[in-house]
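Trainee: Input upload-v4.pdb, format and content: PDB, C-alpha atoms.
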ATOM      1  CA  MET A   1      40.538  45.160 -11.258
ATOM      2  CA  GLU A   2      38.921  46.181 -14.501
ATOM      3  CA  VAL A   3      39.959  49.793 -14.885
ATOM      4  CA  GLY A   4      42.814  49.565 -17.373
ATOM      5  CA  TRP A   5      45.396  48.989 -14.626
ATOM      6  CA  ARG A   6      47.702  47.030 -16.912
ATOM      7  CA  SER A   7      48.699  50.226 -18.627
ATOM      8  CA  ARG A   8      49.337  51.919 -15.248
ATOM      9  CA  PHE A   9      51.436  49.397 -13.262
ATOM     10  CA  PRO A  10      55.060  48.301 -13.762
ATOM     11  CA  TYR A  11      55.468  44.927 -15.459
ATOM     12  CA  SER A  12      57.375  43.627 -12.430
ATOM     13  CA  MET A  13      54.301  44.157 -10.267
ATOM     14  CA  VAL A  14      52.094  42.365 -12.786
ATOM     15  CA  TRP A  15      54.608  39.503 -12.910
ATOM     16  CA  VAL A  16      54.418  39.089  -9.139
ATOM     17  CA  CYS A  17      50.630  38.832  -9.326
ATOM     18  CA  LEU A  18      50.712  36.304 -12.176
ATOM     19  CA  SER A  19      53.335  34.286 -10.359
ATOM     20  CA  PHE A  20      51.148  34.152  -7.266
ATOM     21  CA  PHE A  21      48.099  32.907  -9.131
ATOM     22  CA  TRP A  22      50.207  30.357 -11.033
ATOM     23  CA  ARG A  23      51.506  28.933  -7.773
ATOM     24  CA  MET A  24      47.980  28.779  -6.395
ATOM     25  CA  ARG A  25      46.648  27.047  -9.471
ATOM     26  CA  GLY A  26      49.503  24.575  -9.797
ATOM     27  CA  GLY A  27      49.750  23.640  -6.135
ATOM     28  CA  GLY A  28      46.052  23.102  -5.485
ATOM     29  CA  SER A  29      44.527  23.562  -2.049
ATOM     30  CA  ARG A  30      47.683  22.259  -0.391
ATOM     31  CA  SER A  31      49.740  25.222  -1.537
ATOM     32  CA  MET A  32      47.161  27.583  -0.030
ATOM     33  CA  TYR A  33      48.179  26.385   3.421
ATOM     34  CA  SER A  34      51.885  26.243   2.696
ATOM     35  CA  MET A  35      52.525  29.537   0.931
ATOM     36  CA  GLY A  36      54.932  30.716   3.596
ATOM     37  CA  VAL A  37      56.132  34.291   3.928
ATOM     38  CA  ILE A  38      56.574  34.899   0.195
ATOM     39  CA  GLY A  39      53.044  33.762  -0.671
ATOM     40  CA  ILE A  40      51.496  35.846   2.090
ATOM     41  CA  SER A  41      53.367  38.970   0.986
ATOM     42  CA  GLN A  42      52.232  38.401  -2.608
ATOM     43  CA  ALA A  43      48.624  38.087  -1.463
ATOM     44  CA  HIS A  44      49.007  41.318   0.494
ATOM     45  CA  LEU A  45      50.365  43.035  -2.619
ATOM     46  CA  ILE A  46      47.344  41.962  -4.660
ATOM     47  CA  ARG A  47      45.009  43.341  -1.997
ATOM     48  CA  GLN A  48      46.912  46.623  -2.182
ATOM     49  CA  ILE A  49      46.609  46.735  -5.978
ATOM     50  CA  LEU A  50      42.844  46.301  -5.715
ATOM     51  CA  LYS A  51      42.759  49.431  -3.574
ATOM     52  CA  MET A  52      44.854  51.537  -5.949
ATOM     53  CA  LEU A  53      41.909  53.198  -7.640
ATOM     54  CA  LYS A  54      43.079  56.575  -8.902
ATOM     55  CA  ILE A  55      40.208  58.637 -10.224
ATOM     56  CA  SER A  56      39.859  61.951 -11.986
ATOM     57  CA  ILE A  57      36.566  63.802 -12.259
ATOM     58  CA  ILE A  58      34.967  65.862 -15.027
ATOM     59  CA  GLY A  59      32.506  68.292 -13.494
ATOM     60  CA  CYS A  60      32.493  69.797 -10.026
ATOM     61  CA  GLY A  61      28.751  70.287  -9.631
ATOM     62  CA  ASN A  62      26.357  68.266  -7.514
ATOM     63  CA  ILE A  63      27.711  64.759  -8.158
ATOM     64  CA  GLY A  64      31.364  65.741  -8.644
ATOM     65  CA  SER A  65      31.542  67.667  -5.380
ATOM     66  CA  PHE A  66      29.746  64.842  -3.555
ATOM     67  CA  LEU A  67      32.371  62.378  -4.804
ATOM     68  CA  LEU A  68      35.154  64.602  -3.504
ATOM     69  CA  LYS A  69      33.495  64.935  -0.101
ATOM     70  CA  SER A  70      33.026  61.162   0.049
ATOM     71  CA  VAL A  71      36.735  60.594  -0.547
ATOM     72  CA  LYS A  72      37.630  63.240   2.025
ATOM     73  CA  ASN A  73      35.351  61.599   4.615
ATOM     74  CA  LYS A  74      36.749  58.105   3.900
ATOM     75  CA  ILE A  75      33.398  56.839   2.611
ATOM     76  CA  LEU A  76      35.196  55.967  -0.606
ATOM     77  CA  GLU A  77      38.750  54.642  -0.481
ATOM     78  CA  CYS A  78      40.552  55.921  -3.538
ATOM     79  CA  GLU A  79      42.847  58.715  -4.633
ATOM     80  CA  VAL A  80      41.519  61.749  -6.496
ATOM     81  CA  VAL A  81      44.186  62.772  -8.988
ATOM     82  CA  SER A  82      42.623  65.643 -10.950
ATOM     83  CA  VAL A  83      39.393  67.579 -11.471
ATOM     84  CA  LEU A  84      38.350  69.336 -14.687
ATOM     85  CA  ASP A  85      35.583  71.938 -14.693
ATOM     86  CA  LYS A  86      34.811  75.045 -16.739
ATOM     87  CA  ASP A  87      34.447  77.011 -13.502
ATOM     88  CA  VAL A  88      38.035  76.882 -12.210
ATOM     89  CA  GLU A  89      37.261  79.182  -9.291
ATOM     90  CA  ARG A  90      34.610  76.795  -8.011
ATOM     91  CA  VAL A  91      37.093  73.906  -8.089
ATOM     92  CA  GLU A  92      39.742  75.976  -6.301
ATOM     93  CA  LYS A  93      37.244  76.982  -3.619
ATOM     94  CA  LEU A  94      36.158  73.394  -3.035
ATOM     95  CA  ARG A  95      39.756  72.202  -2.881
ATOM     96  CA  ARG A  96      40.484  74.777  -0.172
ATOM     97  CA  GLU A  97      37.335  73.926   1.793
ATOM     98  CA  LEU A  98      38.084  70.203   1.738
ATOM     99  CA  ASN A  99      41.830  70.670   2.209
ATOM    100  CA  MET A 100      42.566  68.183  -0.564
ATOM    101  CA  LYS A 101      45.582  68.024  -2.870
ATOM    102  CA  PHE A 102      44.154  67.012  -6.237
ATOM    103  CA  ASN A 103      45.300  68.767  -9.409
ATOM    104  CA  ILE A 104      43.072  71.249 -11.206
ATOM    105  CA  ALA A 105      43.293  70.116 -14.810
ATOM    106  CA  ARG A 106      43.267  72.655 -17.617
ATOM    107  CA  ASN A 107      42.655  70.112 -20.378
ATOM    108  CA  ILE A 108      41.879  66.448 -20.909
ATOM    109  CA  ASN A 109      45.547  65.435 -21.122
ATOM    110  CA  GLU A 110      46.209  66.811 -17.657
ATOM    111  CA  LEU A 111      43.056  65.121 -16.388
ATOM    112  CA  ILE A 112      43.974  61.589 -17.423
ATOM    113  CA  LYS A 113      47.617  61.747 -16.356
ATOM    114  CA  ASN A 114      48.291  59.174 -13.592
ATOM    115  CA  SER A 115      44.625  58.140 -13.468
ATOM    116  CA  ASN A 116      43.118  54.733 -14.172
ATOM    117  CA  LEU A 117      39.467  55.784 -14.062
ATOM    118  CA  VAL A 118      37.730  59.015 -15.079
ATOM    119  CA  VAL A 119      34.285  59.878 -13.709
ATOM    120  CA  GLU A 120      32.125  62.036 -15.981
ATOM    121  CA  ALA A 121      29.739  64.109 -13.867
ATOM    122  CA  ALA A 122      29.198  67.078 -16.152
ATOM    123  CA  SER A 123      26.898  66.786 -19.168
ATOM    124  CA  GLN A 124      26.084  64.822 -22.297
ATOM    125  CA  ASP A 125      28.214  67.288 -24.250
ATOM    126  CA  ALA A 126      31.198  66.387 -22.071
ATOM    127  CA  VAL A 127      30.604  62.692 -22.787
ATOM    128  CA  ARG A 128      30.615  63.338 -26.537
ATOM    129  CA  GLU A 129      33.681  65.582 -26.375
ATOM    130  CA  TYR A 130      35.985  63.622 -24.082
ATOM    131  CA  SER A 131      34.987  59.946 -23.935
ATOM    132  CA  ALA A 132      36.901  58.611 -26.927
ATOM    133  CA  GLU A 133      40.138  60.346 -25.931
ATOM    134  CA  ILE A 134      39.867  59.116 -22.338
ATOM    135  CA  LEU A 135      39.335  55.511 -23.397
ATOM    136  CA  GLU A 136      42.075  55.651 -26.029
ATOM    137  CA  SER A 137      44.499  56.754 -23.308
ATOM    138  CA  GLY A 138      43.985  53.483 -21.421
ATOM    139  CA  CYS A 139      41.665  54.903 -18.743
ATOM    140  CA  SER A 140      38.289  53.389 -18.023
ATOM    141  CA  LEU A 141      35.322  55.733 -17.795
ATOM    142  CA  MET A 142      32.250  56.058 -15.587
ATOM    143  CA  ILE A 143      29.431  57.926 -17.317
ATOM    144  CA  MET A 144      26.685  59.679 -15.366
ATOM    145  CA  SER A 145      25.194  61.583 -18.344
ATOM    146  CA  VAL A 146      24.268  58.301 -19.979
ATOM    147  CA  GLY A 147      21.738  59.917 -22.328
ATOM    148  CA  ALA A 148      24.658  60.673 -24.654
ATOM    149  CA  LEU A 149      24.923  56.957 -25.398
ATOM    150  CA  VAL A 150      21.521  56.730 -27.110
ATOM    151  CA  ASP A 151      23.388  57.577 -30.330
ATOM    152  CA  ASN A 152      24.112  54.026 -31.541
ATOM    153  CA  GLU A 153      26.970  55.048 -33.800
ATOM    154  CA  PHE A 154      28.681  56.909 -30.950
ATOM    155  CA  PHE A 155      28.066  54.081 -28.483
ATOM    156  CA  ASN A 156      29.461  51.438 -30.848
ATOM    157  CA  ARG A 157      32.538  53.578 -31.466
ATOM    158  CA  LEU A 158      33.234  53.783 -27.733
ATOM    159  CA  ARG A 159      32.578  50.069 -27.319
ATOM    160  CA  ASP A 160      35.108  49.255 -30.038
ATOM    161  CA  ILE A 161      37.712  51.396 -28.299
ATOM    162  CA  CYS A 162      37.061  49.562 -25.025
ATOM    163  CA  ILE A 163      37.665  46.201 -26.679
ATOM    164  CA  ARG A 164      40.835  47.350 -28.422
ATOM    165  CA  ARG A 165      42.312  49.189 -25.411
ATOM    166  CA  ASN A 166      41.124  46.674 -22.790
ATOM    167  CA  VAL A 167      39.245  49.287 -20.742
ATOM    168  CA  LYS A 168      35.647  49.595 -19.581
ATOM    169  CA  ILE A 169      32.709  51.981 -19.492
ATOM    170  CA  TYR A 170      30.792  51.897 -16.212
ATOM    171  CA  ILE A 171      27.181  53.087 -16.038
ATOM    172  CA  PRO A 172      25.727  53.406 -12.512
ATOM    173  CA  SER A 173      22.051  52.620 -11.923
ATOM    174  CA  GLY A 174      21.428  56.283 -11.113
ATOM    175  CA  ALA A 175      18.050  57.280  -9.694
ATOM    176  CA  VAL A 176      16.278  53.953 -10.283
ATOM    177  CA  ALA A 177      16.292  50.424  -8.903
ATOM    178  CA  GLY A 178      15.701  47.172 -10.762
ATOM    179  CA  ILE A 179      18.546  47.324 -13.276
ATOM    180  CA  ASP A 180      19.762  43.932 -12.025
ATOM    181  CA  GLY A 181      16.330  42.408 -12.725
ATOM    182  CA  LEU A 182      16.238  43.872 -16.217
ATOM    183  CA  LYS A 183      19.678  42.500 -17.049
ATOM    184  CA  ALA A 184      18.676  39.044 -15.841
ATOM    185  CA  ALA A 185      15.261  39.030 -17.575
ATOM    186  CA  ARG A 186      16.890  40.046 -20.857
ATOM    187  CA  LEU A 187      18.631  36.661 -20.940
ATOM    188  CA  SER A 188      15.167  35.144 -21.425
ATOM    189  CA  ARG A 189      12.731  37.415 -23.295
ATOM    190  CA  ILE A 190      11.315  40.754 -22.245
ATOM    191  CA  ASN A 191       7.971  41.563 -23.836
ATOM    192  CA  SER A 192       7.673  45.223 -22.809
ATOM    193  CA  VAL A 193       9.272  47.903 -20.653
ATOM    194  CA  SER A 194       7.476  51.121 -19.783
ATOM    195  CA  MET A 195       8.660  53.966 -17.595
ATOM    196  CA  THR A 196       6.809  56.941 -16.136
ATOM    197  CA  THR A 197       8.668  59.933 -14.688
ATOM    198  CA  ARG A 198       6.925  62.590 -12.593
ATOM    199  CA  LYS A 199       8.668  65.824 -11.686
ATOM    200  CA  ASN A 200       7.868  69.343 -10.594
ATOM    201  CA  PRO A 201       7.752  71.734 -13.592
ATOM    202  CA  ARG A 202      10.786  73.605 -12.241
ATOM    203  CA  ALA A 203      12.880  70.446 -12.543
ATOM    204  CA  LEU A 204      11.745  70.130 -16.167
ATOM    205  CA  ASN A 205      12.444  73.791 -16.972
ATOM    206  CA  LEU A 206       8.744  74.311 -17.614
ATOM    207  CA  PRO A 207       6.422  77.047 -16.312
ATOM    208  CA  ASP A 208       4.220  76.123 -13.354
ATOM    209  CA  SER A 209       0.877  74.893 -14.606
ATOM    210  CA  SER A 210      -1.632  72.164 -14.025
ATOM    211  CA  LYS A 211      -0.602  68.531 -13.975
ATOM    212  CA  LYS A 212      -0.126  67.257 -17.521
ATOM    213  CA  ILE A 213       1.729  64.748 -19.686
ATOM    214  CA  VAL A 214       4.529  66.626 -21.446
ATOM    215  CA  TYR A 215       5.904  63.642 -23.363
ATOM    216  CA  GLU A 216       4.773  60.148 -24.309
ATOM    217  CA  GLY A 217       6.580  57.935 -26.779
ATOM    218  CA  SER A 218       9.884  56.114 -27.214
ATOM    219  CA  ALA A 219      12.627  56.616 -24.651
ATOM    220  CA  GLY A 220      14.974  57.737 -27.409
ATOM    221  CA  GLU A 221      12.922  60.778 -28.398
ATOM    222  CA  GLY A 222      12.134  61.611 -24.775
ATOM    223  CA  ILE A 223      15.808  61.729 -23.879
ATOM    224  CA  LYS A 224      16.428  64.150 -26.743
ATOM    225  CA  LYS A 225      13.616  66.447 -25.600
ATOM    226  CA  PHE A 226      14.603  66.386 -21.898
ATOM    227  CA  PRO A 227      18.348  65.576 -21.912
ATOM    228  CA  GLU A 228      19.028  66.817 -18.373
ATOM    229  CA  ASN A 229      16.128  65.035 -16.710
ATOM    230  CA  VAL A 230      15.752  61.474 -17.929
ATOM    231  CA  ASN A 231      19.214  59.937 -18.044
ATOM    232  CA  VAL A 232      17.578  57.135 -16.052
ATOM    233  CA  ALA A 233      15.456  56.299 -19.101
ATOM    234  CA  ALA A 234      18.648  55.710 -21.076
ATOM    235  CA  THR A 235      20.005  53.401 -18.380
ATOM    236  CA  VAL A 236      16.743  51.424 -18.213
ATOM    237  CA  SER A 237      16.646  51.159 -22.022
ATOM    238  CA  MET A 238      20.236  49.958 -22.317
ATOM    239  CA  ALA A 239      19.745  47.363 -19.591
ATOM    240  CA  GLY A 240      16.527  46.136 -21.190
ATOM    241  CA  ILE A 241      15.154  46.177 -24.737
ATOM    242  CA  GLY A 242      16.645  49.336 -26.234
ATOM    243  CA  ILE A 243      15.656  52.975 -26.492
ATOM    244  CA  GLU A 244      13.208  52.587 -29.374
ATOM    245  CA  ASN A 245      11.304  49.722 -27.739
ATOM    246  CA  THR A 246      11.167  51.235 -24.236
ATOM    247  CA  LYS A 247       8.081  53.386 -23.672
ATOM    248  CA  LEU A 248       8.514  56.624 -21.741
ATOM    249  CA  ARG A 249       5.956  58.993 -20.241
ATOM    250  CA  ILE A 250       6.981  62.273 -18.583
ATOM    251  CA  ILE A 251       4.478  64.067 -16.349
ATOM    252  CA  SER A 252       4.835  67.635 -15.100
ATOM    253  CA  ASP A 253       3.129  67.941 -11.716
ATOM    254  CA  PRO A 254       3.310  71.211  -9.714
ATOM    255  CA  GLU A 255       1.877  69.475  -6.635
ATOM    256  CA  ILE A 256       4.913  67.241  -6.061
ATOM    257  CA  ASN A 257       8.478  68.062  -5.047
ATOM    258  CA  ASP A 258       9.905  64.562  -5.378
ATOM    259  CA  ASN A 259      11.364  62.980  -8.491
ATOM    260  CA  VAL A 260       9.252  59.879  -9.103
ATOM    261  CA  HIS A 261      10.196  57.041 -11.464
ATOM    262  CA  GLU A 262       8.000  53.987 -12.103
ATOM    263  CA  ILE A 263       9.168  51.023 -14.177
ATOM    264  CA  HIS A 264       6.894  48.219 -15.359
ATOM    265  CA  VAL A 265       8.403  45.148 -17.007
ATOM    266  CA  TYR A 266       6.618  42.168 -18.600
ATOM    267  CA  TRP A 267       8.740  39.159 -19.458
ATOM    268  CA  ASP A 268       8.239  35.462 -20.254
ATOM    269  CA  PHE A 269       8.250  34.365 -16.629
ATOM    270  CA  GLY A 270       6.218  37.128 -15.041
ATOM    271  CA  GLU A 271       6.362  40.856 -14.443
ATOM    272  CA  PHE A 272       7.781  43.335 -11.979
ATOM    273  CA  LYS A 273       7.009  46.901 -11.002
ATOM    274  CA  ILE A 274       9.335  49.324  -9.287
ATOM    275  CA  LYS A 275       8.538  52.781  -7.956
ATOM    276  CA  MET A 276      11.244  55.171  -6.801
ATOM    277  CA  LYS A 277      10.241  58.349  -4.979
ATOM    278  CA  ASN A 278      13.416  60.379  -4.617
ATOM    279  CA  LEU A 279      14.147  63.674  -2.961
ATOM    280  CA  PRO A 280      15.870  65.991  -5.442
ATOM    281  CA  SER A 281      19.331  67.270  -4.680
ATOM    282  CA  LYS A 282      19.364  70.646  -2.925
ATOM    283  CA  GLU A 283      22.035  71.910  -5.331
ATOM    284  CA  ASN A 284      20.316  70.657  -8.488
ATOM    285  CA  PRO A 285      16.594  69.744  -8.424
ATOM    286  CA  LYS A 286      16.951  67.974 -11.776
ATOM    287  CA  THR A 287      19.054  65.309 -10.066
ATOM    288  CA  SER A 288      17.986  62.924  -7.319
ATOM    289  CA  PHE A 289      20.356  62.557  -4.375
ATOM    290  CA  ILE A 290      20.407  58.793  -4.851
ATOM    291  CA  ALA A 291      22.068  59.286  -8.253
ATOM    292  CA  ALA A 292      25.165  60.615  -6.465
ATOM    293  CA  LEU A 293      25.035  57.697  -4.024
ATOM    294  CA  SER A 294      24.796  55.330  -6.992
ATOM    295  CA  ALA A 295      28.092  56.685  -8.311
ATOM    296  CA  ILE A 296      29.746  56.038  -4.940
ATOM    297  CA  ALA A 297      28.324  52.504  -4.842
ATOM    298  CA  MET A 298      29.684  51.764  -8.311
ATOM    299  CA  LEU A 299      33.171  52.991  -7.412
ATOM    300  CA  LYS A 300      33.141  50.864  -4.269
ATOM    301  CA  ARG A 301      32.055  47.871  -6.323
ATOM    302  CA  ILE A 302      34.970  48.360  -8.701
ATOM    303  CA  SER A 303      37.560  48.594  -5.935
ATOM    304  CA  GLU A 304      36.288  45.955  -3.499
ATOM    305  CA  PRO A 305      37.158  42.248  -3.808
ATOM    306  CA  VAL A 306      33.557  40.995  -3.379
ATOM    307  CA  GLU A 307      30.656  42.015  -5.642
ATOM    308  CA  ILE A 308      27.010  41.646  -4.607
ATOM    309  CA  GLY A 309      24.204  41.667  -7.128
ATOM    310  CA  THR A 310      23.932  41.043 -10.845
TER
END
How would this structure read if it were set down as structure tokens?

Mentor:
Amino acid sequence: MEVGWRSRFPYSMVWVCLSFFWRMRGGGSRSMYSMGVIGISQAHLIRQILKMLKISIIGCGNIGSFLLKSVKNKILECEVVSVLDKDVERVEKLRRELNMKFNIARNINELIKNSNLVVEAASQDAVREYSAEILESGCSLMIMSVGALVDNEFFNRLRDICIRRNVKIYIPSGAVAGIDGLKAARLSRINSVSMTTRKNPRALNLPDSSKKIVYEGSAGEGIKKFPENVNVAATVSMAGIGIENTKLRIISDPEINDNVHEIHVYWDFGEFKIKMKNLPSKENPKTSFIAALSAIAMLKRISEPVEIGT
């Protein structure tokens, strides 16, 4: 489990796990069939540890509230420890409606207490304000507002903390598909990556008008101009050839209600095109519903013993 659990579990529990794997390694396949009661109980303990994902959440908007409902409905098997949001009344109301017992944190120290993973579902400002402190505490961090990481100096600082504190930053795929292909193609050579995003003007905070291109250039500059709308461009850029080399086009189209993302990749061994046509969230038209599902899928991937996909 790669969520900084070593700083959260008693050393005796870690010793049991290490002892189990040592026995398995030293005894070969024969010991697997002759573990006896002690070996079986140790294996059961390890399975229990894998399930001990204790998360806290920053932001109780569209994605944050969806995460809470998913835990309540047993879609996601983990414990919610704390929630931090500027609107305390909204968090209290949701806690009552869901009949859940998580803490309402007043500051970042209360948020990270007894947690091994924090999910940021608030804003790029929240990422800049809280990320370093969360990682320094020994908690891993899932970032939804990934546009904050286009600042190379900030990203490298967080990366250095992760290495030193033995924690991780998790970035879900969000509202696009094909991230696995990009990561694989990058191991060869990618010649170009271009992305086109089409949204209704309301989702872009623009007045209704005729269909037009509102931005065309590098992904880095586009993310700065539309920070709440193209976090997916940051994810695509980081998985591929970087924000300055990834081309981004943003189109405002009053005739559509979907959020549409098209990715076109040329690499040494071919090309691939992906088109995502997503329904926007009812609570926040800037966000596609699949982005919230992507967060759930990532949390399940962290906590489950088998991973599928690159």

Trainee: Write out as a PyMOL selection string each polymer residue whose atoms come within 9 Å of A:Val230, counting only C-alpha atoms; drop sequence neighbours fewer than 4 positions from it.

Mentor: chain A and resi 147+197+219+222-223+226+234+250

Trainee: Which one is closest to A:Ala203: A:Val176, A:Leu279, A:Met142, A:Val127? Count only C-alpha atoms.

Mentor: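 Selected residue with least distance to A:Ala203: A:Leu279.
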
Trainee: Could you work out how far atom CA of A:Ile108 lies from atom CA of A:Lys282, giving the answer in Å with one decimal?

Mentor: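 Value for the atom CA of A:Lys282-atom CA of A:Ile108 distance: 29.1 Å.
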
Trainee: Kindly give the distance, in Å, that separates atom CA of A:Ser173 and atom CA of A:Met238, rounded to a single decimal.

Mentor: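 Atom CA of A:Met238 lies 10.9 Å from atom CA of A:Ser173.
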
Trainee: Can you work out which one of A:Leu299, A:Val91, A:Ile213, A:Ile58 has the shortest atom-to-atom distance to A:Ser131, counting all atoms listed in the file?

Mentor: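 Using all atoms listed in the file, A:Ser131 sits closest to A:Ile58.
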
Trainee: Quick one, how far is atom CA of A:Asp253 from atom CA of A:Glu228?

Mentor: 17.3 Å

Trainee: If you count all atoms listed in the file, which residues fall within 12 Å of stretch 191-193 of chain A, apart from same-chain ones fewer than 6 positions away, as a ChimeraX atom specification?

Mentor: /A:178-179,181-182,185,218-219,233,236-249,262-274

Trainee: At a cut-off of 10 Å, using all atoms listed in the file, what residues contact A:Lys113? Leave out same-chain residues fewer than 4 positions from it and give the result as a PyMOL selection string.

Mentor: chain A and resi 56+81-82+105+108-109+137+139

Trainee: So which residues get picked by the PyMOL selection byres ((chain A and resi 204) around 8) here, written as a VMD selection string?

Mentor: chain A and resid 199 to 203 205 to 206 226 229 252 286

Trainee: Quick one: residues within 12 Å of A:Ile161, only C-alpha atoms counted, chain neighbours fewer than 2 positions away excluded, as a ChimeraX atom specification?

Mentor: /A:131-141,154-159,163-169
